[in-house]
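Below: upload_16.cif (mmCIF, C-alpha atoms and all ligand atoms)
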data_protein
#
loop_
_atom_site.label_atom_id
_atom_site.label_comp_id
_atom_site.auth_asym_id
_atom_site.auth_seq_id
_atom_site.Cartn_x
_atom_site.Cartn_y
_atom_site.Cartn_z
CA MET L 6 96.36 122.23 -117.10
CA ASN L 7 97.28 119.23 -119.29
CA GLY L 8 99.82 118.13 -116.73
CA GLN L 9 101.73 121.42 -116.96
CA PRO L 10 102.77 123.20 -113.76
CA TRP L 11 100.60 126.22 -113.01
CA PRO L 12 102.39 129.55 -113.51
CA ALA L 13 103.04 131.47 -110.33
CA THR L 14 100.53 134.15 -111.38
CA ALA L 15 97.72 131.59 -111.29
CA ILE L 16 98.42 130.93 -107.65
CA ASN L 17 98.24 134.53 -106.52
CA PRO L 18 94.40 134.69 -106.57
CA LEU L 19 94.31 131.58 -104.43
CA LEU L 20 96.61 133.16 -101.92
CA THR L 21 94.93 136.57 -101.83
CA ASN L 22 91.41 135.14 -101.80
CA GLY L 23 92.27 132.65 -99.09
CA SER L 24 91.10 133.63 -95.64
CA GLU L 25 93.57 134.11 -92.81
CA ARG L 26 93.02 130.42 -92.00
CA GLY L 27 94.76 129.43 -95.22
CA ILE L 28 93.94 128.37 -98.75
CA LEU L 29 90.39 127.16 -99.34
CA ASP L 30 90.41 123.66 -100.81
CA ARG L 31 87.04 122.32 -101.94
CA SER L 32 88.30 119.00 -103.21
CA ILE L 33 88.28 117.08 -99.94
CA ASN L 34 85.01 115.17 -99.57
CA ASN L 35 83.22 118.11 -101.27
CA GLN L 36 83.38 119.97 -97.96
CA PRO L 37 84.84 123.46 -97.62
CA CYS L 38 88.17 122.82 -96.03
CA PHE L 39 91.13 125.04 -95.23
CA LEU L 40 94.63 123.78 -95.78
CA ARG L 41 97.11 123.95 -92.94
CA GLY L 42 100.72 125.16 -93.18
CA SER L 43 102.43 122.11 -94.65
CA GLN L 44 99.35 121.29 -96.74
CA GLN L 45 99.59 124.75 -98.34
CA GLY L 46 103.21 123.95 -99.13
CA ALA L 47 102.16 120.67 -100.75
CA LEU L 48 99.46 122.38 -102.83
CA LEU L 49 101.87 125.06 -104.00
CA ALA L 50 104.37 122.32 -104.89
CA VAL L 51 101.73 120.64 -107.07
CA LEU L 52 100.62 123.91 -108.68
CA THR L 53 104.09 125.22 -109.41
CA GLY L 54 105.74 121.90 -110.22
CA LYS L 55 108.46 122.79 -107.70
CA PRO L 56 109.30 120.26 -105.00
CA MET L 57 108.37 121.04 -101.39
CA THR L 58 111.32 122.41 -99.53
CA HIS L 59 112.41 120.88 -96.25
CA SER L 60 110.88 123.80 -94.34
CA GLU L 61 107.46 123.13 -95.94
CA MET L 62 107.42 119.45 -94.91
CA PRO L 63 105.10 118.54 -92.04
CA VAL L 64 107.11 118.09 -88.86
CA LEU L 65 106.44 115.32 -86.35
CA ARG L 66 105.35 116.71 -83.00
CA SER L 67 104.34 113.60 -81.04
CA LEU L 68 103.51 109.90 -81.01
CA ALA L 69 101.10 108.29 -78.58
CA ALA L 70 99.58 104.84 -78.24
CA THR L 71 96.51 103.34 -76.59
CA ALA L 72 95.99 99.65 -75.84
CA VAL L 73 92.46 98.27 -76.25
CA LYS L 74 90.81 94.86 -75.92
CA LEU L 75 87.80 94.53 -78.22
CA PRO L 76 85.10 91.86 -78.28
CA MET L 77 85.16 89.77 -81.49
CA ASN L 78 81.97 88.88 -83.39
CA ARG L 79 83.33 85.43 -84.18
CA PRO L 80 86.08 84.02 -81.95
CA LEU L 81 88.98 82.40 -83.79
CA GLY L 82 90.14 78.94 -82.70
CA THR L 83 93.47 78.22 -84.39
CA SER L 84 95.65 75.16 -83.89
CA ALA L 85 98.03 77.35 -81.85
CA LYS L 86 95.70 79.43 -79.69
CA SER L 87 92.06 80.39 -79.32
CA ILE L 88 91.55 84.13 -79.80
CA GLU L 89 88.36 85.55 -78.35
CA GLU L 90 89.23 89.21 -77.99
CA ALA L 91 91.20 91.50 -80.28
CA CYS L 92 94.04 93.24 -78.43
CA LEU L 93 95.06 96.26 -80.48
CA LEU L 94 97.60 99.02 -80.05
CA LEU L 95 96.27 102.27 -81.54
CA VAL L 96 99.05 104.59 -82.69
CA ASP L 97 98.42 108.34 -83.05
CA LEU L 98 100.92 110.66 -84.69
CA LEU L 99 100.53 114.43 -84.62
CA THR L 100 102.41 116.96 -86.74
CA GLU L 101 103.28 120.51 -85.69
CA ASP L 102 100.49 121.86 -87.88
CA GLY L 103 97.85 119.48 -86.53
CA ILE L 104 97.76 116.70 -89.13
CA GLU L 105 97.01 113.30 -87.57
CA GLY L 106 98.46 109.99 -88.70
CA ARG L 107 96.97 106.71 -87.48
CA ALA L 108 97.73 103.01 -87.48
CA TYR L 109 96.96 100.01 -85.33
CA ALA L 110 98.84 96.87 -84.43
CA PHE L 111 97.24 93.50 -83.63
CA CYS L 112 99.04 92.36 -80.49
CA TYR L 113 97.58 88.84 -79.86
CA GLN L 114 97.76 89.29 -76.06
CA PRO L 115 96.72 92.12 -73.66
CA SER L 116 100.16 92.18 -72.02
CA ILE L 117 101.89 92.80 -75.35
CA ALA L 118 99.51 95.65 -76.24
CA ARG L 119 100.06 97.27 -72.83
CA SER L 120 103.82 96.88 -72.93
CA LEU L 121 104.13 98.75 -76.22
CA VAL L 122 102.42 101.96 -75.02
CA PRO L 123 105.53 103.41 -73.27
CA ILE L 124 107.78 102.21 -76.11
CA VAL L 125 105.78 104.24 -78.65
CA ALA L 126 105.92 107.28 -76.35
CA GLU L 127 109.70 106.90 -75.98
CA LEU L 128 110.08 106.63 -79.76
CA GLY L 129 107.98 109.80 -80.10
CA GLU L 130 110.49 111.69 -77.96
CA GLN L 131 113.28 110.51 -80.29
CA LEU L 132 111.45 111.51 -83.48
CA ALA L 133 109.89 114.82 -82.33
CA GLY L 134 110.94 117.73 -84.51
CA LYS L 135 111.92 115.58 -87.49
CA PRO L 136 110.39 116.26 -90.93
CA LEU L 137 107.75 113.74 -91.90
CA VAL L 138 109.88 111.96 -94.51
CA PRO L 139 108.85 108.28 -94.36
CA LEU L 140 112.12 106.76 -95.56
CA ASP L 141 114.24 108.91 -93.22
CA LEU L 142 111.98 108.15 -90.26
CA ALA L 143 111.96 104.40 -91.04
CA GLN L 144 115.75 104.51 -90.94
CA ALA L 145 115.75 106.46 -87.67
CA VAL L 146 113.36 103.94 -86.06
CA SER L 147 115.39 101.00 -87.26
CA ARG L 148 118.56 102.61 -85.85
CA TYR L 149 116.83 103.27 -82.52
CA PHE L 150 115.81 99.59 -82.20
CA ARG L 151 119.05 98.16 -83.60
CA LEU L 152 120.45 96.92 -80.29
CA PRO L 153 117.29 95.13 -79.02
CA GLY L 154 116.55 94.08 -82.63
CA VAL L 155 113.62 94.96 -84.89
CA ALA L 156 111.68 91.73 -84.31
CA GLY L 157 108.52 90.53 -82.58
CA PRO L 158 106.60 93.33 -80.84
CA LEU L 159 109.25 95.95 -81.67
CA ALA L 160 108.71 95.19 -85.37
CA MET L 161 105.01 95.89 -84.77
CA VAL L 162 105.89 99.29 -83.27
CA ALA L 163 108.29 100.17 -86.10
CA SER L 164 105.73 99.11 -88.71
CA SER L 165 102.76 100.89 -87.21
CA VAL L 166 104.71 104.12 -86.72
CA ASP L 167 105.72 103.91 -90.40
CA THR L 168 102.06 103.38 -91.37
CA ALA L 169 101.01 106.42 -89.31
CA VAL L 170 103.74 108.53 -90.96
CA TRP L 171 102.49 107.62 -94.45
CA ASP L 172 98.91 108.34 -93.35
CA ALA L 173 99.85 111.86 -92.26
CA ARG L 174 101.89 112.43 -95.43
CA ALA L 175 99.01 111.38 -97.68
CA LYS L 176 96.67 113.63 -95.67
CA SER L 177 99.10 116.54 -96.02
CA VAL L 178 98.49 116.48 -99.78
CA GLY L 179 94.78 115.57 -99.48
CA MET L 180 95.10 112.17 -101.18
CA PRO L 181 93.94 108.67 -100.24
CA LEU L 182 97.01 106.58 -99.44
CA ALA L 183 96.51 104.35 -102.53
CA VAL L 184 96.47 107.42 -104.79
CA TYR L 185 99.51 108.89 -103.03
CA LEU L 186 101.30 105.60 -103.80
CA GLY L 187 100.44 105.92 -107.48
CA ALA L 188 97.40 103.64 -107.73
CA ASN L 189 93.74 104.20 -108.44
CA LEU L 190 90.85 103.36 -106.12
CA GLN L 191 89.66 100.05 -107.46
CA PRO L 192 87.71 97.41 -105.47
CA ILE L 193 90.03 94.73 -104.05
CA PRO L 194 88.76 91.10 -104.05
CA ALA L 195 88.53 89.92 -100.43
CA TYR L 196 88.01 86.62 -98.66
CA ASN L 197 86.13 86.47 -95.40
CA SER L 198 88.60 85.34 -92.75
CA ASN L 199 86.38 85.91 -89.73
CA GLY L 200 85.60 82.88 -87.59
CA LEU L 201 85.87 79.35 -89.05
CA GLY L 202 88.21 78.19 -86.32
CA LEU L 203 88.56 74.59 -85.20
CA MET L 204 84.96 73.46 -84.70
CA PRO L 205 82.74 70.45 -85.49
CA PRO L 206 81.96 69.86 -89.20
CA GLU L 207 78.29 70.98 -89.20
CA ALA L 208 79.02 74.10 -87.14
CA ALA L 209 81.83 74.98 -89.58
CA ALA L 210 79.49 74.48 -92.56
CA ASP L 211 76.87 76.76 -90.95
CA GLU L 212 79.43 79.45 -90.22
CA ALA L 213 80.98 79.21 -93.71
CA GLU L 214 77.57 79.78 -95.26
CA ALA L 215 76.88 82.76 -92.99
CA LEU L 216 80.24 84.29 -93.96
CA LEU L 217 79.14 84.65 -97.59
CA ALA L 218 76.89 87.59 -96.58
CA GLY L 219 78.23 90.72 -98.27
CA GLY L 220 78.81 88.81 -101.48
CA PHE L 221 82.05 87.16 -100.42
CA GLY L 222 83.30 84.63 -102.96
CA ALA L 223 85.95 83.07 -100.69
CA VAL L 224 86.34 82.00 -97.05
CA LYS L 225 89.17 80.50 -94.98
CA LEU L 226 88.93 77.49 -92.68
CA ARG L 227 91.43 76.71 -89.90
CA LEU L 228 92.75 73.17 -89.67
CA GLY L 229 95.45 71.34 -87.74
CA ARG L 230 93.79 68.70 -85.56
CA SER L 231 95.82 65.70 -84.53
CA HIS L 232 93.82 63.32 -86.77
CA LEU L 233 93.64 63.83 -90.50
CA GLU L 234 90.16 62.25 -90.68
CA HIS L 235 88.73 64.97 -88.41
CA ASP L 236 90.16 67.77 -90.54
CA LEU L 237 88.95 66.06 -93.71
CA ALA L 238 85.44 65.66 -92.29
CA THR L 239 85.27 69.42 -91.63
CA VAL L 240 86.65 70.29 -95.06
CA ARG L 241 84.08 68.04 -96.73
CA ALA L 242 81.16 69.42 -94.72
CA VAL L 243 82.15 73.00 -95.56
CA ARG L 244 82.96 72.31 -99.21
CA HIS L 245 79.67 70.45 -99.64
CA ARG L 246 77.69 73.37 -98.19
CA LEU L 247 79.38 76.14 -100.24
CA PRO L 248 78.56 76.81 -103.90
CA ASP L 249 81.25 75.43 -106.26
CA SER L 250 82.17 78.97 -107.30
CA VAL L 251 83.20 79.92 -103.73
CA ARG L 252 86.90 79.50 -103.03
CA LEU L 253 87.91 77.72 -99.85
CA MET L 254 91.34 78.39 -98.34
CA VAL L 255 92.68 76.35 -95.39
CA ASP L 256 95.22 77.47 -92.77
CA PHE L 257 97.14 75.10 -90.49
CA ASN L 258 98.87 77.86 -88.50
CA GLN L 259 102.12 75.82 -88.58
CA ALA L 260 100.55 72.84 -86.77
CA LEU L 261 101.98 69.87 -88.68
CA THR L 262 105.24 67.98 -88.84
CA PHE L 263 106.76 67.63 -92.31
CA SER L 264 105.72 64.01 -92.73
CA ASP L 265 102.14 64.71 -91.57
CA ALA L 266 101.98 67.75 -93.82
CA MET L 267 102.89 65.67 -96.88
CA GLN L 268 100.07 63.27 -96.05
CA TYR L 269 97.54 66.06 -95.41
CA ALA L 270 98.54 67.93 -98.58
CA MET L 271 98.10 64.83 -100.76
CA ALA L 272 94.67 64.20 -99.21
CA LEU L 273 93.57 67.83 -99.66
CA ASP L 274 94.51 67.76 -103.34
CA ASN L 275 91.19 66.03 -103.99
CA GLU L 276 88.99 68.30 -101.86
CA GLY L 277 88.66 71.49 -103.94
CA ILE L 278 90.93 73.68 -101.78
CA TYR L 279 92.20 76.99 -103.18
CA TRP L 280 95.38 77.23 -101.07
CA ILE L 281 97.02 75.48 -98.11
CA GLU L 282 98.49 78.01 -95.68
CA GLU L 283 101.46 77.46 -93.34
CA PRO L 284 101.18 73.66 -93.04
CA ILE L 285 104.46 73.46 -91.08
CA ARG L 286 106.73 75.79 -89.09
CA HIS L 287 106.72 79.10 -90.97
CA ASP L 288 110.48 79.39 -91.42
CA ASP L 289 111.23 75.80 -92.49
CA TYR L 290 111.55 76.82 -96.12
CA ARG L 291 113.38 73.66 -97.21
CA HIS L 292 110.56 71.33 -96.19
CA MET L 293 107.90 73.83 -97.24
CA ALA L 294 109.41 73.74 -100.74
CA LEU L 295 109.16 69.93 -100.81
CA ILE L 296 105.47 70.15 -99.86
CA ALA L 297 104.88 72.83 -102.53
CA GLN L 298 106.56 70.59 -105.10
CA ALA L 299 104.53 67.52 -104.15
CA ALA L 300 101.08 69.12 -103.74
CA ARG L 301 98.89 70.17 -106.64
CA THR L 302 97.11 72.63 -104.32
CA PRO L 303 99.10 75.92 -104.06
CA ILE L 304 100.99 76.59 -100.82
CA GLN L 305 100.60 80.01 -99.19
CA ILE L 306 103.04 81.51 -96.66
CA GLY L 307 104.37 84.95 -95.70
CA GLU L 308 102.45 86.39 -92.74
CA ASN L 309 105.55 85.72 -90.64
CA PHE L 310 108.07 87.46 -92.91
CA THR L 311 109.58 90.03 -90.56
CA GLY L 312 111.32 92.39 -92.97
CA LEU L 313 112.77 91.37 -96.33
CA PRO L 314 115.56 88.83 -95.57
CA PRO L 315 113.22 85.92 -94.63
CA MET L 316 111.09 86.69 -97.66
CA VAL L 317 114.14 86.54 -99.93
CA ALA L 318 115.13 83.21 -98.37
CA ALA L 319 111.62 81.79 -98.90
CA LEU L 320 111.45 82.99 -102.50
CA GLU L 321 114.93 81.65 -103.27
CA ALA L 322 113.93 78.27 -101.80
CA SER L 323 110.66 78.22 -103.83
CA ALA L 324 108.98 77.57 -100.48
CA SER L 325 105.51 78.61 -101.67
CA ASP L 326 103.36 79.26 -104.71
CA TYR L 327 101.87 82.46 -103.23
CA VAL L 328 102.98 85.00 -100.63
CA MET L 329 101.03 87.08 -98.14
CA LEU L 330 102.32 90.21 -96.42
CA ASP L 331 101.55 91.33 -92.89
CA LEU L 332 101.66 95.13 -92.64
CA ASP L 333 102.97 94.96 -89.06
CA ARG L 334 105.75 92.46 -89.68
CA ILE L 335 106.94 93.49 -93.12
CA GLY L 336 107.73 97.07 -92.07
CA GLY L 337 104.60 99.18 -92.57
CA VAL L 338 103.94 100.95 -95.87
CA THR L 339 107.67 101.35 -96.56
CA GLY L 340 108.39 97.67 -96.00
CA TRP L 341 105.29 96.56 -97.92
CA GLN L 342 106.29 98.48 -101.04
CA ARG L 343 109.73 96.90 -101.05
CA ALA L 344 108.26 93.43 -100.45
CA ALA L 345 105.69 93.91 -103.23
CA GLY L 346 108.55 94.70 -105.62
CA LEU L 347 110.38 91.61 -104.45
CA ALA L 348 107.31 89.43 -105.00
CA ALA L 349 106.94 90.86 -108.50
CA ALA L 350 110.57 90.00 -109.26
CA TYR L 351 109.80 86.36 -108.36
CA TYR L 352 106.40 86.36 -110.12
CA ARG L 353 104.41 85.64 -106.98
CA GLU L 354 100.84 86.78 -106.37
CA VAL L 355 100.54 88.86 -103.20
CA SER L 356 97.76 88.62 -100.63
CA SER L 357 97.42 90.56 -97.38
CA HIS L 358 97.34 89.36 -93.77
CA LEU L 359 95.02 91.17 -91.30
CA PHE L 360 94.77 95.02 -91.20
CA PRO L 361 92.31 95.06 -94.13
CA GLU L 362 91.68 98.83 -93.86
CA VAL L 363 95.26 99.89 -94.67
CA SER L 364 96.12 96.74 -96.65
CA ALA L 365 93.34 97.60 -99.14
CA HIS L 366 95.28 100.76 -100.10
CA LEU L 367 98.51 98.79 -100.40
CA MET L 368 96.93 95.99 -102.40
CA ALA L 369 95.65 98.62 -104.85
CA ALA L 370 99.28 99.69 -105.33
CA THR L 371 100.69 96.13 -105.53
CA PRO L 372 101.52 94.47 -108.84
CA GLY L 373 100.28 90.88 -108.83
CA ARG L 374 97.69 91.60 -106.11
CA HIS L 375 95.74 88.51 -105.19
CA TRP L 376 93.37 88.39 -102.18
CA LEU L 377 92.73 90.78 -99.31
CA GLU L 378 92.18 89.01 -95.99
CA TYR L 379 89.07 90.54 -94.45
CA VAL L 380 88.54 90.51 -90.68
CA ASP L 381 86.23 92.90 -88.82
CA TRP L 382 88.22 92.95 -85.58
CA ALA L 383 88.95 96.69 -85.55
CA ALA L 384 85.47 97.68 -86.76
CA PRO L 385 84.04 98.56 -83.29
CA ILE L 386 86.51 101.43 -82.82
CA LEU L 387 86.46 102.76 -86.40
CA GLN L 388 84.35 105.75 -87.37
CA GLU L 389 84.08 104.28 -90.88
CA PRO L 390 84.82 100.54 -91.01
CA LEU L 391 86.01 99.07 -94.29
CA HIS L 392 83.09 98.63 -96.68
CA ILE L 393 82.72 95.35 -98.57
CA LYS L 394 80.59 95.27 -101.71
CA ASN L 395 80.11 92.20 -103.90
CA GLY L 396 82.95 90.48 -102.08
CA ALA L 397 85.45 93.27 -102.70
CA ALA L 398 86.88 95.92 -100.36
CA ILE L 399 86.03 99.48 -101.34
CA VAL L 400 89.18 101.54 -100.83
CA PRO L 401 87.94 104.73 -99.13
CA ASP L 402 88.44 108.03 -100.99
CA ARG L 403 89.19 109.95 -97.79
CA PRO L 404 92.66 111.49 -97.50
CA GLY L 405 95.17 109.15 -95.84
CA ASN L 406 94.52 105.51 -94.99
CA GLY L 407 90.99 106.19 -93.74
CA LEU L 408 91.48 105.18 -90.08
CA ALA L 409 89.71 107.37 -87.51
CA TRP L 410 88.82 106.23 -83.99
CA LYS L 411 85.49 106.32 -82.20
CA ASN L 412 86.92 107.89 -79.07
CA ASP L 413 84.04 106.87 -76.77
CA VAL L 414 84.44 103.20 -77.76
CA VAL L 415 88.21 103.40 -77.37
CA ALA L 416 87.71 104.77 -73.85
CA ARG L 417 85.29 101.92 -73.01
CA TYR L 418 87.67 99.14 -74.08
CA ARG L 419 90.94 100.75 -73.06
CA LEU L 420 93.44 98.48 -71.30
CA VAL L 421 95.03 100.08 -68.28
MG MG D 1 97.58 82.37 -91.52
#

For the file at hand, write its structure as structure tokens.
Ligand SMILES: [Mg+2]
Amino acid sequence: MNGQPWPATAINPLLTNGSERGILDRSINNQPCFLRGSQQGALLAVLTGKPMTHSEMPVLRSLAATAVKLPMNRPLGTSAKSIEEACLLLVDLLTEDGIEGRAYAFCYQPSIARSLVPIVAELGEQLAGKPLVPLDLAQAVSRYFRLPGVAGPLAMVASSVDTAVWDARAKSVGMPLAVYLGANLQPIPAYNSNGLGLMPPEAAADEAEALLAGGFGAVKLRLGRSHLEHDLATVRAVRHRLPDSVRLMVDFNQALTFSDAMQYAMALDNEGIYWIEEPIRHDDYRHMALIAQAARTPIQIGENFTGLPPMVAALEASASDYVMLDLDRIGGVTGWQRAAGLAAAYYREVSSHLFPEVSAHLMAATPGRHWLEYVDWAAPILQEPLHIKNGAAIVPDRPGNGLAWKNDVVARYRLV
């Protein structure tokens, strides 16, 4: 149609030939598939070039959440805490015409995952009956949480509900999320962030080598021991074992004081490190900027930006060379898009933190995209885990963000 809207007469055969179940759409995964009410509205909007009316928008019926505790293939020993099981909150949105939207939050502790289940249900009661308009719903959620404050675990709830809303919206028009956001489905370079916690040098070298399976060209090592020599010994063992072409990131998880961090950063400048992540307290932007100025190795921060104001403060302070965005702290898909624009305005490359399945779609739609952090923590409950090929994430071409649960596994690992 050369980009022209279809005339109304061209739609009539579709409508009259459609069965009573709706319009037949053969474009979704090459499977015969019938569009539901709001999906028909979306298709007609595309064909006629007329915007969907409010009455054709999908309407939110319910929100529900399930807390699970999953075994991890490779436990993660950070300087702050050792994580051996992945505690996730699975969020399920349902529209009036049966479209499902999904997201998950990484909750760090079982008690946090459990505590958020009734909060999501309560939010669902507030949002039921509202049209599935992501920006309006994000505003409604932020208003609902204004008095307790959209921070910590409540920010995770707000973000994952937003992600589920965008999933359902993209599904309502039959598009992968990345395409719905205006991008194409290109492979996204990923680093393997599984494992490589605090461990002895030889064990770290063995694990680093094993993590290259799948064609990964980059891995991340956790540091932050009390003696610099011990960290350096591990870095050297790992660096020595990896091919020169493999990038090695290191993450201190905020372990160091400013004066120690200056010393560590100077020492790491000679060790072939690709970036140094969160050497000191995440929100000490003034000292972080001094480290970034002094070190030749780039400084990476951002997983702790909760919403835009801390990110603006960090960018204004030149606190880091790179930024990374955490889907569940930055505000879901809505917050990510705003943050990606902000990063572009400050000429910073953007990486992702956790949630590789949804982040892959967002990275595809992010100017200045850098590295996707790959972890396999949600893989046991996913019908189709994220596929990595030649070290890059393959953004799935299914409608929405691609998340679908294995219900039997969810039931097995459910936290009650
Ligand atoms: Mg980190």

List all protein, DNA and RNA residues that have an atom no more than 8 Å from any atom of ligand MG 1 (chain D), counting all atoms listed in the file, and report them as a list in words.
Asp256, Phe257, Asn258, Glu282, Glu283, Ile306, Glu308 and His358 of chain L

Could you save those same residues with C-alpha atoms as a PDB file, in the frame of the given file?
ATOM      1  CA  ASP L 256      95.220  77.470 -92.770  1.00  0.00           C
ATOM      2  CA  PHE L 257      97.140  75.100 -90.490  1.00  0.00           C
ATOM      3  CA  ASN L 258      98.870  77.860 -88.500  1.00  0.00           C
ATOM      4  CA  GLU L 282      98.490  78.010 -95.680  1.00  0.00           C
ATOM      5  CA  GLU L 283     101.460  77.460 -93.340  1.00  0.00           C
ATOM      6  CA  ILE L 306     103.040  81.510 -96.660  1.00  0.00           C
ATOM      7  CA  GLU L 308     102.450  86.390 -92.740  1.00  0.00           C
ATOM      8  CA  HIS L 358      97.340  89.360 -93.770  1.00  0.00           C
TER       9      HIS L 358
END

Of the candidates L:Tyr113, L:Tyr290, L:Trp341, L:Tyr149, which one gets nearest to Val125 (chain L) if we count all atoms listed in the file?
L:Tyr149

Atom pair CA of Pro390 (chain L) / CA of Val363 (chain L): separation (Å)
11.1 Å

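For the set L:Tyr327, L:Tyr109, L:Phe221, L:Phe150, the residue with the smallest atom-to-atom gap to Ala349 (chain L) is L:Tyr327, counting only C-alpha atoms.
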
Restricting the calculation to all atoms listed in the file, which member of L:Trp382, L:Trp280, L:Trp376, L:Trp410 is positioned closest to Leu226 (chain L)?
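The shortest atom-to-atom distance to Leu226 (chain L) comes from L:Trp280.
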
So, with only C-alpha atoms as the atoms that count, which of L:Pro123, L:Pro194, L:Gly154, L:Gly200 lies closest to Pro80 (chain L)?
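For Pro80 (chain L), the nearest of the candidates is L:Gly200.
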
Can you list, as a ChimeraX atom specification, every protein, DNA or RNA residue that comes within 12 Å of Ile88 (chain L) when you count all atoms listed in the file, leaving out same-chain residues fewer than 2 positions away?
/L:74-86,90-92,111-115,199-203,382

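Taking CA of Gln388 (chain L) and CA of Leu95 (chain L) as endpoints, the distance between them is 13.7 Å.
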
Excluding Leu367 (chain L) and any residue of its chain fewer than 6 positions from it, enumerate the residues within 10 Å of it, using all atoms listed in the file, and give them as a PDB file with C-alpha atoms, keeping the file's coordinate frame.
ATOM      1  CA  LEU L 182      97.010 106.580 -99.440  1.00  0.00           C
ATOM      2  CA  ALA L 183      96.510 104.350-102.530  1.00  0.00           C
ATOM      3  CA  VAL L 184      96.470 107.420-104.790  1.00  0.00           C
ATOM      4  CA  LEU L 186     101.300 105.600-103.800  1.00  0.00           C
ATOM      5  CA  ALA L 188      97.400 103.640-107.730  1.00  0.00           C
ATOM      6  CA  LEU L 332     101.660  95.130 -92.640  1.00  0.00           C
ATOM      7  CA  GLY L 337     104.600  99.180 -92.570  1.00  0.00           C
ATOM      8  CA  VAL L 338     103.940 100.950 -95.870  1.00  0.00           C
ATOM      9  CA  TRP L 341     105.290  96.560 -97.920  1.00  0.00           C
ATOM     10  CA  GLN L 342     106.290  98.480-101.040  1.00  0.00           C
ATOM     11  CA  ALA L 345     105.690  93.910-103.230  1.00  0.00           C
ATOM     12  CA  SER L 357      97.420  90.560 -97.380  1.00  0.00           C
ATOM     13  CA  PRO L 361      92.310  95.060 -94.130  1.00  0.00           C
ATOM     14  CA  ARG L 374      97.690  91.600-106.110  1.00  0.00           C
ATOM     15  CA  LEU L 377      92.730  90.780 -99.310  1.00  0.00           C
ATOM     16  CA  VAL L 400      89.180 101.540-100.830  1.00  0.00           C
ATOM     17  CA  ASN L 406      94.520 105.510 -94.990  1.00  0.00           C
TER      18      ASN L 406
END

Can you pull out the residues contacting Ala110 (chain L)? Cut-off 8 Å, using all atoms listed in the file, and skip same-chain residues under 3 positions away; I want them as a list in words.
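Returned residues: Leu93, Leu94, Leu95, Val96, Met161, Val162, Ser165 and Asp333 of chain L.
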
Need the shell around Ala173 (chain L): protein/DNA/RNA residues with any atom at most 10 Å away, counting all atoms listed in the file. Skip same-chain ones fewer than 4 positions apart. Format as a count of residues only?
22

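Minimum atom-to-atom distances from L:Val170, L:Leu247, L:Met368, L:Ala108 to Ala409 (chain L) were compared using only C-alpha atoms, and the lowest value belongs to L:Ala108.
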
Residue neighbourhood Leu121 (chain L), 9 Å, all atoms listed in the file, exclusion window fewer than 3 positions, as a PyMOL selection string
chain L and resi 70-72+94+116-118+124-126+158-159+162

Find, counting all atoms listed in the file, the residue in L:Leu295, L:Arg334, L:Pro372, L:Gly340 that gets nearest to Phe360 (chain L).
L:Arg334

Draw an axis-aligned box over all listed atoms of region 398-413 of chain L, pad each side with 4 Å, and write its centre and edge lengths in Å, one decimal, as JSON.
{"center_x": 89.6, "center_y": 103.7, "center_z": -89.1, "size_x": 19.1, "size_y": 23.6, "size_z": 32.6}

Point-to-point distance in Å for CA of Val355 (chain L) and CA of Val328 (chain L)
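It comes out at 5.2 Å.
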
Could you rebuild region 151-160 of chain L with N, CA and C atoms and give it back as a short mmCIF file (atom, residue, chain, number, x, y, z; two decimals), in the coordinates of the input?
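Result file rebuild.cif:
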data_model
loop_
_atom_site.label_atom_id
_atom_site.label_comp_id
_atom_site.auth_asym_id
_atom_site.auth_seq_id
_atom_site.Cartn_x
_atom_site.Cartn_y
_atom_site.Cartn_z
N ARG L 151 118.05 99.10 -83.10
CA ARG L 151 119.05 98.16 -83.60
C ARG L 151 119.58 97.23 -82.51
N LEU L 152 119.84 97.76 -81.33
CA LEU L 152 120.45 96.92 -80.29
C LEU L 152 119.47 95.86 -79.76
N PRO L 153 118.22 96.22 -79.41
CA PRO L 153 117.29 95.13 -79.02
C PRO L 153 116.86 94.28 -80.22
N GLY L 154 116.94 94.85 -81.43
CA GLY L 154 116.55 94.08 -82.63
C GLY L 154 115.13 94.39 -83.06
N VAL L 155 114.96 94.65 -84.37
CA VAL L 155 113.62 94.96 -84.89
C VAL L 155 112.92 93.63 -85.20
N ALA L 156 112.34 93.03 -84.16
CA ALA L 156 111.68 91.73 -84.31
C ALA L 156 110.51 91.70 -83.35
N GLY L 157 109.64 90.70 -83.51
CA GLY L 157 108.52 90.53 -82.58
C GLY L 157 107.76 91.83 -82.36
N PRO L 158 107.40 92.12 -81.10
CA PRO L 158 106.60 93.33 -80.84
C PRO L 158 107.27 94.63 -81.26
N LEU L 159 108.62 94.71 -81.24
CA LEU L 159 109.25 95.95 -81.67
C LEU L 159 109.07 96.16 -83.18
N ALA L 160 109.01 95.06 -83.93
CA ALA L 160 108.71 95.19 -85.37
C ALA L 160 107.31 95.74 -85.57
#
